[in-house]
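Trainee: Here's a structure for you.
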Amino acid sequence: MRKFFSLGLVRGLLWQILGTAIGIGILTGIRQLLGLAPWKPEPAMVFGALLGAMFFLYGVGVLNDWIRVAAGKEIQEHIDETGLGWRRYFGASLDHKVIGIQYLTLSLVLMVVGGTFALIFRSELATTGMQFLTLMEYNTLMSLHGIVMIVGILVGIAAFMNYLVPMLIGARDMSFPRLNAFAFWLAVPAGIILLSSLVLGGFDTGWTGYPPLSVRAPIGMQMFFLGISLAGFSTILGSLNIIVTIIRQRAPGMIPFRMPIFVWASIATSIISLTATQLIGLSFQMVMFERLFGMGFFDPGKGGNPILFQHLFWFYSHPAVYVFVLPGLGLISEMLPVFARKPLFGYKWVAISSIAIALIGFLVWGHHMFASGMAEYLRVPFMYSTLLVAVPTGVKFFSWLGTLWRGKITYETPMLFLLAGIVVFLLGGLTGPPNATISTDLHLTDTYFIVGHFHDTMFGGYVFPFFAAIYYWFPKMTGRRLNEKLGKLHFWLMTPAFIVLSLAMMRVGMLGMRRRIGDYDPELNFVIDHKIMTVAAFIIALGVLVFLINVFWSIRKGEVATGNLWNSRSPEWQVPSPMPMHNYEKPFEVVGEPYDYGLPGSVYVKFKESE
Amino acid sequence: MKHVVIITILVIASTLLIHTGLTSIDLLPVEASAQSVEIDQLFGMYTWMISALFSLIMVVLVYCLIVFRRRKGETGDGAYITGNTALEVAWTAIPLILVVILAYIGGKSLGIIRRVDPSAMKVKVIAGQWYWQYQYPEYGVTSTDLYLPVGQQIDLLMTSNDVIHSFWVPEFRVKQDLVPGRTTELRITPTLIGEYKVRCAELCGTRHAYMEGLVNVLSQADFDKWISQQQSAAPADPALRGQQLAQDYGCTNCHSTDGSQKIGPTWLHLYQSDVELSDGTSVVADNDYLKTAIVDVNLQIVKGFPANVMPDFSNTLDQTMVESLVAYIKTLK
C-alpha cells in the first residue's frame, strides 16, 4: 500500500483533488466576505480546476528540483532510476525515453477514450431518430471525441519526438529534462479537466467552441477551455525543448542535411507549435473571460465581434493540422527506405518540403471561414495560399514512389501500415482542393464531406504512421517485438474498414448530410450509408483491440529482439535493445548519409572507441 | 522503358475506370439554382483531376509493390538511387502550374456565382434557436417558410438573433453563415420549381439537427398568388396577429402561455400583475413595461431569471409587431 502511494501519479491525483477543493473553498469564502451569494458554481469550478492542476504538478514531484534551486539547495544532475523498475513510468522521471513512453501510454489512453465516444455516437447515428442518447449527450460526446482525439494526437507526437529525437541525433537526453517532465505531467491534469466536462453539464459546441454558442453552454464548456489551455501550454513547452535539443545537441558531423528526416519533421512541427498554439489558448481564454467577467470580446451587443474568434481560433487550428501530419509524414519517410532497401529519394527535397508546408500552413487559415461572413475579398488570397500547399505535399508523394522504385520491398507489419498511410493520405490530399476553391467549398463546408476528408488526412498523416512507428520501435523500447500475425490481423481489420468509412462519409456529405447532427432527415435516405459506416467503425475498433491485446501479450511473451531487427542504418539500431539509461555508452560521429541503403560498405554513424 | 509503357497504359485505363465509376453513382443533389450549375461544372473538373492523380500515384505504387518486391531467397539491397534533380524540378513545377490554373478557374467560378443582378428580389432572413423567419420588404409579408419565384435572382439579407447559424439548401449548393450583430448576404437564382429544405449548417446548439425549414420554389404566377394571399390573410385583430408572431419568432419556446415554467417568465396572468425585478424594485406590467421588455430585453430583468438570455428583437420587430404581441399578451388572463 505504501508502494502504491509512493507512485507520483497517485500522489498527483490526490493533490489535485485537494487543490480543487481548496480552490472552490477560497472562491466561495471570498464571495462570502464580500457579502455576495456564496455559491456561484462557474467561477468556483474554474478556479478549483486551475488550482487542482497546479497542486497535481506539485504532488507528482516535477516542481521539487525547481523549489530546491529557488531555496538555494543543491540538486542532483544525473539521477539513476534503474532500481525503480516499472514504477519509473508512474512518476516524475527525467529520462526522455521514459517520458516518451509515458506520453505514448497517455496518448493511447486518450485515443481509446475518444474512440469509445465515437463508437457511442456512431451507434446513435445508425438510424434516424434519437435511439439512446439525448441531443445534449450526443453533442457532448461528438465535441469531446474531436478534442480528446486532437489532444491524443498531440500527445502521441510528443511521444515519438521525445523518445526518438535525442536518440536519432546522439544526445544523452533533451536539453531541458525538468521542463520535459513538467510539460508531460501538465498534460495529465489537462486531460482530466477536459474529461470532467462530461459530468459538469457537457458542452454542445463542437471542438471549435464558437461564441456566442460557447458563451451560453453549460459549465462543461469552461472545463473544455481550461483543459485545452493547459494542454496547449504543455505543447508549447515541449516544442521549445525539441527545437533547442535539435539545434544544440546533435552529434559531431550531423550537419542539417544529414539529420534523419524525422528530425526535420520534428523541428518543422515544433516551430508551428511554439508560435501558433498561443492563439488557440488566447481565443479560448477570451471566451472564458467573457463568461466569467462579462468582457464582451465576441458579443455584438457590447461591440464585440463573433468572427474575430474564428480568426484567432483557426490561426492555430489550421497549422495544427500540419502539427499532426508532419511528424507522421516524417515517420513514413524515415521508415520507407528501410523496407524498400533503398535511399530516400530526393532527401533534401523531402526535408525542405516539410519546412515549406509548415510555413505555407500559417497563411491558409481563412479557408475554414469561406462561409463565415468575413470580408468577401479576403476569401480569394486564402484560396490561392491553400491551393499552394498541394505543391510540397505532392513532392512527398512523388519522393515516396521514387524510394520504392527498383527497391527490394518487404512486407513486415510496419511497412503495411506505412503503405496504408500513403494511400489514405492520398485520399485526404486529393479531396482537399475542392475545399480550397471557394465556390465548391460553399457546398462542402460544414458537411460530412469535410468529416471524411479530414479523417483521411488524420488517419493517413498520423494514425497509420503512428501504428507503423509503434510496431517498428516497440523492440527498441522493450527488447521484444510485437507479434506479426496479430499485427497483420490488426492491419487487415482496420485499413479496408477505414477506407469504406471515409468514402461513405464524403458521399453522404456531398448529398446533403450536415456535420455535427445527432439525427438526420429520413427523406435523405442515408440510413444504409450510416449503417455501413457504423459497422466499419466497429471493425476499426476491433482492429485496435487486437493491437492492444498484442501489446499486452508481447511485452511479456513476445519474441526477443535485442539486435538490429530491421537491418537499419540509424544509430539507435546499432546498439542493443532496450536502450541503456543514458543512451549511447560511446558517442558517435556522423560519417555518411542517413539513408544510403544499397551503397556497399557505407555507414551513417561511427562509434568512437575511446574518448 | 518497358515499365513506363505498362504504367502509362494502366494509368489511363484506371483513370477512365474511376471516372466512370464516380460519375455513375449519385454524388450531388439535383441542380436547382443557376449557381449550382456553375459549381457542378467545377466538381466535374475535380472528378477528372481526382481520377487521374489517384490513378497516377496508385498505379505506380502498386506496380512497385508487385514488381520490386523481394523475392524468395533474394538478399542485398535495392538499386542505389539517391534522387534525380530533373524529376524533382518537374514534379514541383508541373503541380505549381496546375495550381495556378486551378486558382484562376476557382476565382472565375466565384465571380460567376456571386454575379449581382441589380433587379434581384430582396428577402430578409432572420434565424434563431431554432427557427427560420423571412421578411419580404417589397411586399410587407413575413413567413416561416421560404417562398421564391423561379428564374429570378434572390438577394438574401441575413442575420441571427442569438448564435451563428448557416443557410444551406443543398440543391442550391451555396452556403452562408448568419452572424448576430451583422448582415450577411447570399445570392441565389432558383431554376427548378419544387420543394426543398433549408438546413442549418453551423452547429447552433442541441436542436441544430432539427433546424430545417421548407423552401418552395414557385412559378412567377404562383408566387404572386401566394404574396397576395399573405397580404390579405393577415388577421385584422392585433391579438391574433400577435399570437401568430409569438409562434413565428419563437417567443413561446421560452415563454409559456399556460403558466408552466420555461426559460423565461410565463405570459399567463402577466398583464397588470406586479412584477418583482432583480434589482429589488417592483413594477406593474402595463403596456409600456411589456413593450420595453420586448425591445430592450436586459433593462428590466425579472427576479429569478438570468440576464443576457433573451435575444435582441429591437431590429427584427417593428412598432406594430410589438403592439400586436402586447395585444396578444393582454388576452392571456
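Going by the C-alpha cells order, chains are called A, B, ..., each with residues numbered from 1, while ligands are numbered from 1 in the order shown.
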Report as a PyMOL selection string the set of chain B residues whose atoms approach chain A to within 6 Å, with distances computed over only C-alpha atoms.

Mentor: chain B and resi 27-29+39+50+64+68-70+77-80+82-83+95+103+106+110+163+170+173-177+181+184+201+205-206+209

Trainee: Using the chain letters and numbers from this document, which residues of stretch 57-184 of chain B does DSSP assign to strand (DSSP E or B), as a ChimeraX atom specification?

Mentor: /B:69,121-128,131-136,141-143,146-149,154-160,165-168,175-178,180,184

Trainee: Need to verify the contact set: stretch 220-223 of chain A, 8 Å, only C-alpha atoms, exclusion of same-chain residues closer than 4 positions in sequence. Can you return it as a PyMOL selection string?

Mentor: chain A and resi 42+46+49+193-203+214+227+288

Trainee: Let me see the file: selected residues, N, CA and C atoms, as a PDB file, in the first residue's frame.

Mentor:
```pdb
ATOM      1  N   GLU A  42     -19.830  28.483 -11.448  1.00  0.00           N
ATOM      2  CA  GLU A  42     -18.885  28.573 -12.560  1.00  0.00           C
ATOM      3  C   GLU A  42     -17.502  29.090 -12.157  1.00  0.00           C
ATOM      4  N   VAL A  46     -13.995  26.795 -12.057  1.00  0.00           N
ATOM      5  CA  VAL A  46     -12.842  27.155 -12.898  1.00  0.00           C
ATOM      6  C   VAL A  46     -11.608  27.357 -12.029  1.00  0.00           C
ATOM      7  N   ALA A  49     -10.446  24.054 -10.602  1.00  0.00           N
ATOM      8  CA  ALA A  49      -9.768  23.198 -11.580  1.00  0.00           C
ATOM      9  C   ALA A  49      -8.347  23.694 -11.829  1.00  0.00           C
ATOM     10  N   ILE A 193      -9.133  17.479 -16.541  1.00  0.00           N
ATOM     11  CA  ILE A 193     -10.053  18.629 -16.528  1.00  0.00           C
ATOM     12  C   ILE A 193     -10.941  18.593 -17.764  1.00  0.00           C
ATOM     13  N   LEU A 194     -10.317  18.300 -18.918  1.00  0.00           N
ATOM     14  CA  LEU A 194     -11.082  18.228 -20.163  1.00  0.00           C
ATOM     15  C   LEU A 194     -12.210  17.194 -20.057  1.00  0.00           C
ATOM     16  N   LEU A 195     -11.874  15.997 -19.551  1.00  0.00           N
ATOM     17  CA  LEU A 195     -12.883  14.942 -19.468  1.00  0.00           C
ATOM     18  C   LEU A 195     -13.918  15.231 -18.383  1.00  0.00           C
ATOM     19  N   SER A 196     -13.541  16.057 -17.380  1.00  0.00           N
ATOM     20  CA  SER A 196     -14.505  16.362 -16.319  1.00  0.00           C
ATOM     21  C   SER A 196     -15.700  17.137 -16.865  1.00  0.00           C
ATOM     22  N   SER A 197     -15.557  17.732 -18.061  1.00  0.00           N
ATOM     23  CA  SER A 197     -16.698  18.451 -18.639  1.00  0.00           C
ATOM     24  C   SER A 197     -17.883  17.510 -18.845  1.00  0.00           C
ATOM     25  N   LEU A 198     -17.571  16.222 -19.000  1.00  0.00           N
ATOM     26  CA  LEU A 198     -18.611  15.220 -19.202  1.00  0.00           C
ATOM     27  C   LEU A 198     -19.626  15.211 -18.055  1.00  0.00           C
ATOM     28  N   VAL A 199     -19.134  15.401 -16.818  1.00  0.00           N
ATOM     29  CA  VAL A 199     -20.031  15.346 -15.662  1.00  0.00           C
ATOM     30  C   VAL A 199     -20.459  16.741 -15.212  1.00  0.00           C
ATOM     31  N   LEU A 200     -19.966  17.791 -15.852  1.00  0.00           N
ATOM     32  CA  LEU A 200     -20.351  19.152 -15.463  1.00  0.00           C
ATOM     33  C   LEU A 200     -21.278  19.775 -16.508  1.00  0.00           C
ATOM     34  N   GLY A 201     -22.188  18.973 -17.011  1.00  0.00           N
ATOM     35  CA  GLY A 201     -23.196  19.507 -17.928  1.00  0.00           C
ATOM     36  C   GLY A 201     -22.835  19.352 -19.389  1.00  0.00           C
ATOM     37  N   GLY A 202     -21.580  18.950 -19.676  1.00  0.00           N
ATOM     38  CA  GLY A 202     -21.174  18.799 -21.071  1.00  0.00           C
ATOM     39  C   GLY A 202     -21.064  20.132 -21.775  1.00  0.00           C
ATOM     40  N   PHE A 203     -20.888  20.065 -23.085  1.00  0.00           N
ATOM     41  CA  PHE A 203     -20.939  21.287 -23.887  1.00  0.00           C
ATOM     42  C   PHE A 203     -21.372  20.905 -25.284  1.00  0.00           C
ATOM     43  N   SER A 214     -20.807  29.180 -27.394  1.00  0.00           N
ATOM     44  CA  SER A 214     -19.993  28.707 -26.276  1.00  0.00           C
ATOM     45  C   SER A 214     -20.158  29.608 -25.046  1.00  0.00           C
ATOM     46  N   GLY A 227      -8.965  23.000 -19.901  1.00  0.00           N
ATOM     47  CA  GLY A 227      -8.176  21.813 -20.225  1.00  0.00           C
ATOM     48  C   GLY A 227      -7.313  22.042 -21.457  1.00  0.00           C
ATOM     49  N   MET A 288     -13.519  32.409 -21.995  1.00  0.00           N
ATOM     50  CA  MET A 288     -13.613  32.161 -20.551  1.00  0.00           C
ATOM     51  C   MET A 288     -13.878  33.467 -19.815  1.00  0.00           C
TER      52      MET A 288
END
```

Trainee: How many Å lie between atom CA of A:Ile236 and atom CA of A:Ser273, rounded to one decimal?

Mentor: 5.9 Å

Trainee: Give me the residues near B:Arg187 as JSON, numbers by chain, where near means some atom within 8 Å (using only C-alpha atoms) and where sequence neighbours in that chain fewer than 3 positions away do not count.

Mentor: {"B": [113, 114, 116, 153, 154, 155, 156]}

Trainee: Pick out the residues sitting within 9 Å of A:Ile272, and hand them over as a ChimeraX atom specification; count only C-alpha atoms, and ignore anything fewer than 4 positions along from it in its own chain.

Mentor: /A:239,267-268,276-277,316,319-320,322-323,358-359,361-362

Trainee: Using the selection just defined, write its residues with N, CA and C atoms as a JSON list (two decimals), in the first residue's frame.

Mentor:
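Below you can see result-v3.json, which holds the result:
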```json
[["chain", "number", "residue", "atom", "x", "y", "z"],
["A", 239, "SER", "N", 7.58, 21.77, -27.40],
["A", 239, "SER", "CA", 8.17, 22.07, -28.69],
["A", 239, "SER", "C", 9.41, 22.94, -28.53],
["A", 267, "ILE", "N", 11.35, 19.39, -36.15],
["A", 267, "ILE", "CA", 11.64, 20.82, -35.96],
["A", 267, "ILE", "C", 10.58, 21.65, -36.69],
["A", 268, "ALA", "N", 10.12, 21.18, -37.86],
["A", 268, "ALA", "CA", 9.07, 21.91, -38.57],
["A", 268, "ALA", "C", 7.81, 21.98, -37.73],
["A", 276, "ALA", "N", 2.24, 29.12, -32.73],
["A", 276, "ALA", "CA", 0.82, 29.30, -33.04],
["A", 276, "ALA", "C", -0.11, 28.85, -31.91],
["A", 277, "THR", "N", 0.34, 27.98, -31.02],
["A", 277, "THR", "CA", -0.55, 27.43, -30.00],
["A", 277, "THR", "C", -1.13, 28.52, -29.11],
["A", 316, "TYR", "N", -4.36, 29.13, -35.19],
["A", 316, "TYR", "CA", -3.67, 27.95, -34.68],
["A", 316, "TYR", "C", -4.22, 26.68, -35.31],
["A", 319, "PRO", "N", -2.87, 25.44, -38.84],
["A", 319, "PRO", "CA", -1.50, 24.92, -38.74],
["A", 319, "PRO", "C", -1.42, 23.66, -37.87],
["A", 320, "ALA", "N", -2.33, 23.54, -36.89],
["A", 320, "ALA", "CA", -2.33, 22.35, -36.03],
["A", 320, "ALA", "C", -2.46, 21.08, -36.86],
["A", 322, "TYR", "N", -1.09, 20.55, -39.61],
["A", 322, "TYR", "CA", 0.27, 20.20, -40.06],
["A", 322, "TYR", "C", 1.11, 19.75, -38.88],
["A", 323, "VAL", "N", 0.81, 20.25, -37.68],
["A", 323, "VAL", "CA", 1.47, 19.71, -36.49],
["A", 323, "VAL", "C", 1.20, 18.21, -36.40],
["A", 358, "ALA", "N", 5.07, 23.74, -43.41],
["A", 358, "ALA", "CA", 4.89, 24.44, -42.14],
["A", 358, "ALA", "C", 4.69, 25.93, -42.37],
["A", 359, "LEU", "N", 5.49, 26.52, -43.27],
["A", 359, "LEU", "CA", 5.39, 27.96, -43.47],
["A", 359, "LEU", "C", 4.12, 28.34, -44.22],
["A", 361, "GLY", "N", 1.47, 26.72, -44.26],
["A", 361, "GLY", "CA", 0.36, 26.40, -43.36],
["A", 361, "GLY", "C", -0.08, 27.56, -42.48],
["A", 362, "PHE", "N", 0.82, 28.51, -42.28],
["A", 362, "PHE", "CA", 0.45, 29.67, -41.47],
["A", 362, "PHE", "C", -0.47, 30.65, -42.21]]
```

Trainee: Please identify the helix (DSSP H, G or I) residues within stretch 494-574 of chain A (assignment by DSSP from backbone atoms) and present them as a compact mmCIF listing (two decimals) with C-alpha atoms, in the first residue's frame.

Mentor:
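After the write, selection25.txt holds the following:
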```txt
# COMPACT_ATOMS: atom_id res chain seq x y z
CA MET A 494 -8.52 -1.54 -39.82
CA THR A 495 -7.47 -0.46 -43.30
CA PRO A 496 -10.33 -1.57 -45.59
CA ALA A 497 -12.92 -0.66 -42.95
CA PHE A 498 -11.47 2.81 -42.58
CA ILE A 499 -11.38 3.47 -46.32
CA VAL A 500 -15.03 2.40 -46.65
CA LEU A 501 -15.95 4.62 -43.67
CA SER A 502 -14.30 7.74 -45.02
CA LEU A 503 -15.59 7.32 -48.58
CA ALA A 504 -19.14 6.81 -47.27
CA MET A 505 -18.78 9.94 -45.13
CA MET A 506 -17.78 12.00 -48.16
CA ARG A 507 -20.62 10.66 -50.29
CA VAL A 508 -23.41 11.46 -47.80
CA GLY A 509 -21.80 14.84 -47.19
CA MET A 510 -21.99 15.80 -50.84
CA LEU A 511 -25.61 14.63 -50.95
CA PRO A 522 -35.29 10.32 -43.10
CA GLU A 523 -36.18 11.79 -46.51
CA LEU A 524 -32.48 11.90 -47.38
CA VAL A 527 -29.83 5.01 -43.30
CA ILE A 528 -27.99 2.35 -45.34
CA ASP A 529 -24.89 4.52 -45.64
CA HIS A 530 -24.90 5.20 -41.90
CA LYS A 531 -25.33 1.51 -41.11
CA ILE A 532 -22.28 0.74 -43.26
CA MET A 533 -20.30 3.49 -41.52
CA THR A 534 -21.28 2.21 -38.09
CA VAL A 535 -20.26 -1.37 -38.90
CA ALA A 536 -16.97 -0.08 -40.36
CA ALA A 537 -16.31 1.93 -37.19
CA PHE A 538 -16.72 -1.18 -35.04
CA ILE A 539 -14.39 -3.18 -37.29
CA ILE A 540 -11.75 -0.45 -36.85
CA ALA A 541 -12.28 -0.66 -33.08
CA LEU A 542 -11.86 -4.44 -33.25
CA GLY A 543 -8.54 -3.91 -35.03
CA VAL A 544 -7.38 -1.56 -32.30
CA LEU A 545 -8.46 -4.12 -29.70
CA VAL A 546 -6.31 -6.75 -31.43
CA PHE A 547 -3.42 -4.26 -31.29
CA LEU A 548 -3.87 -3.66 -27.54
CA ILE A 549 -4.00 -7.40 -26.87
CA ASN A 550 -0.83 -7.74 -28.94
CA VAL A 551 0.92 -5.07 -26.85
CA PHE A 552 -0.02 -6.64 -23.51
CA TRP A 553 0.94 -10.12 -24.71
CA SER A 554 4.21 -9.17 -26.46
CA ILE A 555 5.52 -7.04 -23.62
CA ARG A 556 5.98 -10.21 -21.57
CA LYS A 557 5.91 -13.10 -24.04
CA PRO A 571 22.24 4.92 -34.83
CA GLU A 572 19.70 3.63 -32.29
CA TRP A 573 19.67 0.20 -34.00
CA GLN A 574 23.46 -0.12 -33.85
```

Trainee: I'd like the interatomic distance between atom CA of B:Tyr104 and atom CA of B:Thr47, to a tenth of an Å.

Mentor: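 Computing it gives 17.8 Å between the two atoms.
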
Trainee: Please identify all polymer residues within 6 Å of stretch 147-160 of chain A, counting only C-alpha atoms, omitting same-chain residues fewer than 6 positions from it, and present them as a ChimeraX atom specification.

Mentor: /A:100,103-104,107,110-111,114,207

Trainee: Can I get the selection written as a PDB file, in the first residue's frame, with C-alpha atoms?

Mentor:
```pdb
ATOM      1  CA  GLY A 100       8.381   9.300 -24.367  1.00  0.00           C
ATOM      2  CA  TYR A 103       3.442  10.212 -23.498  1.00  0.00           C
ATOM      3  CA  LEU A 104       2.770   7.154 -25.657  1.00  0.00           C
ATOM      4  CA  SER A 107      -1.849   9.058 -25.983  1.00  0.00           C
ATOM      5  CA  LEU A 110      -6.836   9.290 -24.649  1.00  0.00           C
ATOM      6  CA  MET A 111      -7.377   7.828 -28.100  1.00  0.00           C
ATOM      7  CA  GLY A 114     -12.005   9.393 -27.694  1.00  0.00           C
ATOM      8  CA  TRP A 207     -14.408  21.274 -30.528  1.00  0.00           C
TER       9      TRP A 207
END
```

Trainee: Just checking: using only C-alpha atoms, which residue out of A:Glu559, A:Asp456, A:Asp173, A:Glu77 ends up closest to A:Val98?

Mentor: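 Of the candidates, the smallest distance to A:Val98 is held by A:Asp173.
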
Trainee: For a test of reading the model, state the distance in Å between atom CA of B:Phe172 and atom CA of B:Val217, rounded to one decimal.

Mentor: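 Interatomic distance here is 11.2 Å.
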
Trainee: I'd like the neighbourhood of A:Pro256 as a PyMOL selection string, where a residue qualifies if any of its atoms comes within 10 Å (using only C-alpha atoms), though same-chain residues fewer than 5 positions away should be ignored.

Mentor: chain A and resi 246-247+250+261+263-264+348+351

Trainee: Atoms to include: N, CA and C atoms. Write the selected residues as a compact mmCIF listing (two decimals), in the first residue's frame.

Mentor:
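Okay, result.txt is ready:
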```
# COMPACT_ATOMS: atom_id res chain seq x y z
N ILE A 246 17.39 19.93 -30.80
CA ILE A 246 17.86 19.66 -32.18
C ILE A 246 18.96 20.65 -32.56
N ILE A 247 18.82 21.89 -32.16
CA ILE A 247 19.84 22.88 -32.54
C ILE A 247 21.15 22.65 -31.79
N ARG A 250 23.21 17.97 -31.41
CA ARG A 250 23.48 16.96 -32.45
C ARG A 250 24.89 16.42 -32.34
N ILE A 261 15.27 12.28 -41.37
CA ILE A 261 14.17 13.09 -41.87
C ILE A 261 13.13 13.34 -40.77
N VAL A 263 13.77 14.08 -37.80
CA VAL A 263 14.24 15.24 -37.04
C VAL A 263 13.84 16.53 -37.77
N TRP A 264 13.94 16.51 -39.09
CA TRP A 264 13.45 17.66 -39.87
C TRP A 264 11.96 17.90 -39.60
N LYS A 348 16.90 15.96 -49.79
CA LYS A 348 16.84 17.39 -49.50
C LYS A 348 15.46 17.98 -49.82
N ALA A 351 13.09 17.02 -47.06
CA ALA A 351 13.34 17.80 -45.86
C ALA A 351 12.78 19.21 -46.00
```

Trainee: Could you check which of A:Ala44, A:Met54, A:Leu336, A:Leu378 is closest to A:Trp15, using only C-alpha atoms?

Mentor: A:Met54
